[in-house]
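Asks: My questions will all concern the structure given below.
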Amino acid sequence: MKKKQEQQQSIMNNLLLRSIKFIDIGFLTIIYTFFAFLFAKITDKTLGPFNSTKESEKPKWKITIEMFILIWIFGLLMYLVRNVVILIPFPLDGFQGFSHIKVKELHIPIVFSFLYLLVGEHFRSKILYYYNNVI
């Protein structure tokens with residue numbers, strides 16, 4: 001009888017921890033989405049609208065260097081955002097032994113990367129132009 005109660009407690013504890021993890025993943029997704037939208041907007045305002053006519057007048061080597069610089073900046077943004085998100089406390093961290101720092105989604109900014117590339121007009125246009133016209 002005691003073993004059955006321990007099993008049920010273990011199952012309930014496991015379900016509770018998984019539920020907290022789901023909440024944490026949603027929490028992280030919202031934060032990464034916010035930063036993706038913010039930095040995509042800042043990038044678009046800073047670089048201005050992409051002009052394919054102007055781009056076609058540049059030599060391929062210059063477009064390639066600009067592309068590398070944009071990718072480098074994107075890498076730095078991912079690093080910056082990941083390190084800022086790690087500092088944002090999760091309200092349920094430590095509850096029932098849950099450890100926010102162990103959630104893989106905290107350390108891998110895939111949501112940020114995907115959304116930044118999706119909504120960032122200038123960066124996306126530059127990548128597509130490079131892919132279609134230089135490579």
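Going through the structure tokens in order, the chains are called A, B, and so on, while each chain numbers its residues from 1 and the ligands are numbered from 1 in the order shown.
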What's around range 28-38 of chain A at 7 Å? Count only C-alpha atoms, leave out sequence neighbours fewer than 4 positions away in its own chain, and write the answer as a list in words.

Replies: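 Near neighbours after the sequence-gap exclusion: Asp24, Ile42, Leu106, Val111, Phe112, Leu115 and Tyr116 of chain A.
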
Asks: Store the residues picked out above, limited to N, CA and C atoms, as a compact mmCIF listing (two decimals), in the first residue's frame.

Replies:
```txt
# COMPACT_ATOMS: atom_id res chain seq x y z
N ASP A 24 7.22 27.45 -18.16
CA ASP A 24 8.52 28.11 -18.35
C ASP A 24 8.84 28.26 -19.83
N ILE A 42 14.34 47.67 -34.62
CA ILE A 42 15.52 48.54 -34.50
C ILE A 42 16.43 48.39 -35.71
N LEU A 106 16.09 27.95 -22.57
CA LEU A 106 16.68 29.17 -22.02
C LEU A 106 18.00 29.49 -22.70
N VAL A 111 13.77 30.57 -30.90
CA VAL A 111 12.58 31.39 -31.16
C VAL A 111 13.00 32.78 -31.59
N PHE A 112 14.00 33.34 -30.90
CA PHE A 112 14.50 34.66 -31.28
C PHE A 112 15.02 34.63 -32.72
N LEU A 115 12.10 34.18 -35.40
CA LEU A 115 11.24 35.35 -35.55
C LEU A 115 12.00 36.58 -36.04
N TYR A 116 13.23 36.75 -35.61
CA TYR A 116 14.03 37.87 -36.10
C TYR A 116 14.19 37.78 -37.61
```

Asks: Taking the DSSP assignment computed from this structure's backbone, write out as a tab-separated table (two decimals) with C-alpha atoms, in the first residue's frame all residues of chain A that belong to alpha helix (DSSP H).

Replies:
```tsv
chain	number	residue	atom	x	y	z
A	2	LYS	CA	2.80	2.39	0.93
A	3	LYS	CA	4.64	1.63	-2.34
A	4	LYS	CA	1.52	2.46	-4.35
A	5	GLN	CA	1.18	5.81	-2.56
A	6	GLU	CA	4.85	6.59	-3.29
A	7	GLN	CA	4.32	5.76	-6.96
A	8	GLN	CA	1.28	8.02	-7.14
A	9	GLN	CA	3.19	10.80	-5.40
A	10	SER	CA	6.07	10.32	-7.83
A	11	ILE	CA	3.72	10.47	-10.81
A	12	MET	CA	2.01	13.60	-9.44
A	13	ASN	CA	5.38	15.25	-8.74
A	14	ASN	CA	6.53	14.37	-12.28
A	15	LEU	CA	3.34	15.86	-13.77
A	16	LEU	CA	3.72	18.98	-11.65
A	17	LEU	CA	7.35	19.48	-12.73
A	18	ARG	CA	6.44	18.95	-16.39
A	19	SER	CA	3.59	21.43	-16.05
A	20	ILE	CA	5.97	24.01	-14.58
A	21	LYS	CA	8.40	23.30	-17.43
A	22	PHE	CA	5.63	23.91	-20.02
A	23	ILE	CA	4.81	27.20	-18.32
A	24	ASP	CA	8.52	28.11	-18.35
A	25	ILE	CA	8.87	27.30	-22.04
A	26	GLY	CA	5.88	29.55	-22.79
A	27	PHE	CA	7.40	32.27	-20.59
A	28	LEU	CA	10.70	32.03	-22.49
A	29	THR	CA	8.94	32.00	-25.86
A	30	ILE	CA	7.14	35.23	-25.04
A	31	ILE	CA	10.36	36.90	-23.89
A	32	TYR	CA	12.33	35.78	-26.95
A	33	THR	CA	9.45	36.89	-29.20
A	34	PHE	CA	9.45	40.34	-27.62
A	35	PHE	CA	13.22	40.71	-28.16
A	36	ALA	CA	12.98	39.42	-31.74
A	37	PHE	CA	10.32	41.99	-32.62
A	38	LEU	CA	12.20	44.74	-30.82
A	39	PHE	CA	15.56	44.10	-32.46
A	40	ALA	CA	14.03	43.46	-35.90
A	41	LYS	CA	12.31	46.85	-35.67
A	42	ILE	CA	15.52	48.54	-34.50
A	43	THR	CA	17.51	46.90	-37.30
A	44	ASP	CA	14.95	47.90	-39.93
A	45	LYS	CA	14.86	51.50	-38.69
A	46	THR	CA	18.68	51.68	-38.51
A	47	LEU	CA	19.40	50.14	-41.92
A	52	SER	CA	17.48	45.81	-54.61
A	53	THR	CA	18.23	48.31	-57.40
A	54	LYS	CA	20.92	49.98	-55.33
A	55	GLU	CA	22.17	46.54	-54.25
A	56	SER	CA	22.54	45.37	-57.85
A	60	LYS	CA	29.59	40.90	-55.42
A	61	TRP	CA	32.58	41.06	-53.08
A	62	LYS	CA	31.10	44.11	-51.34
A	63	ILE	CA	27.69	42.45	-50.98
A	64	THR	CA	29.43	39.38	-49.53
A	65	ILE	CA	31.31	41.47	-46.96
A	66	GLU	CA	28.11	43.28	-46.00
A	67	MET	CA	26.39	39.92	-45.66
A	68	PHE	CA	29.13	38.64	-43.34
A	69	ILE	CA	28.86	41.80	-41.24
A	70	LEU	CA	25.08	41.39	-40.93
A	71	ILE	CA	25.48	37.73	-39.94
A	72	TRP	CA	28.11	38.73	-37.37
A	73	ILE	CA	25.74	41.36	-35.92
A	74	PHE	CA	22.96	38.75	-35.85
A	75	GLY	CA	25.23	36.39	-33.90
A	76	LEU	CA	26.04	39.15	-31.42
A	77	LEU	CA	22.33	39.92	-31.02
A	78	MET	CA	21.61	36.26	-30.25
A	79	TYR	CA	24.40	36.24	-27.67
A	80	LEU	CA	23.18	39.49	-26.10
A	81	VAL	CA	19.55	38.44	-25.97
A	82	ARG	CA	20.36	35.00	-24.55
A	83	ASN	CA	22.44	36.56	-21.79
A	84	VAL	CA	19.74	39.11	-20.95
A	85	VAL	CA	16.99	36.46	-20.91
A	86	ILE	CA	19.03	34.33	-18.50
A	87	LEU	CA	18.94	37.25	-16.05
A	104	LYS	CA	17.29	23.95	-22.61
A	105	GLU	CA	15.11	26.56	-24.30
A	106	LEU	CA	16.68	29.17	-22.02
A	107	HIS	CA	20.12	28.64	-23.54
A	110	ILE	CA	15.83	29.44	-31.55
A	111	VAL	CA	12.58	31.39	-31.16
A	112	PHE	CA	14.50	34.66	-31.28
A	113	SER	CA	16.45	33.53	-34.36
A	114	PHE	CA	13.40	32.31	-36.25
A	115	LEU	CA	11.24	35.35	-35.55
A	116	TYR	CA	14.03	37.87	-36.10
A	117	LEU	CA	14.66	36.39	-39.53
A	118	LEU	CA	10.94	36.18	-40.24
A	119	VAL	CA	9.94	39.74	-39.31
A	121	GLU	CA	12.52	43.06	-43.41
A	122	HIS	CA	15.99	44.38	-44.20
A	123	PHE	CA	17.93	41.36	-42.98
A	124	ARG	CA	15.56	38.87	-44.66
A	125	SER	CA	15.60	40.82	-47.94
A	126	LYS	CA	19.39	41.04	-47.89
A	127	ILE	CA	19.72	37.28	-47.31
A	128	LEU	CA	17.28	36.47	-50.12
A	129	TYR	CA	18.98	38.90	-52.48
A	130	TYR	CA	22.37	37.40	-51.66
A	131	TYR	CA	21.10	33.86	-52.13
A	132	ASN	CA	19.32	34.59	-55.43
A	133	ASN	CA	21.83	36.94	-57.04
```

Asks: Just to confirm, what's the straight-line distance from CA of Gln96 in chain A to CA of Pro109 in chain A in Å (one decimal)?

Replies: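 Straight-line distance from CA of Gln96 in chain A to CA of Pro109 in chain A works out to 26.0 Å.
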
Asks: Quick one, how far is CA of Lys102 in chain A from CA of Ile88 in chain A?

Replies: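 Taking CA of Lys102 in chain A and CA of Ile88 in chain A, their separation equals 14.2 Å.
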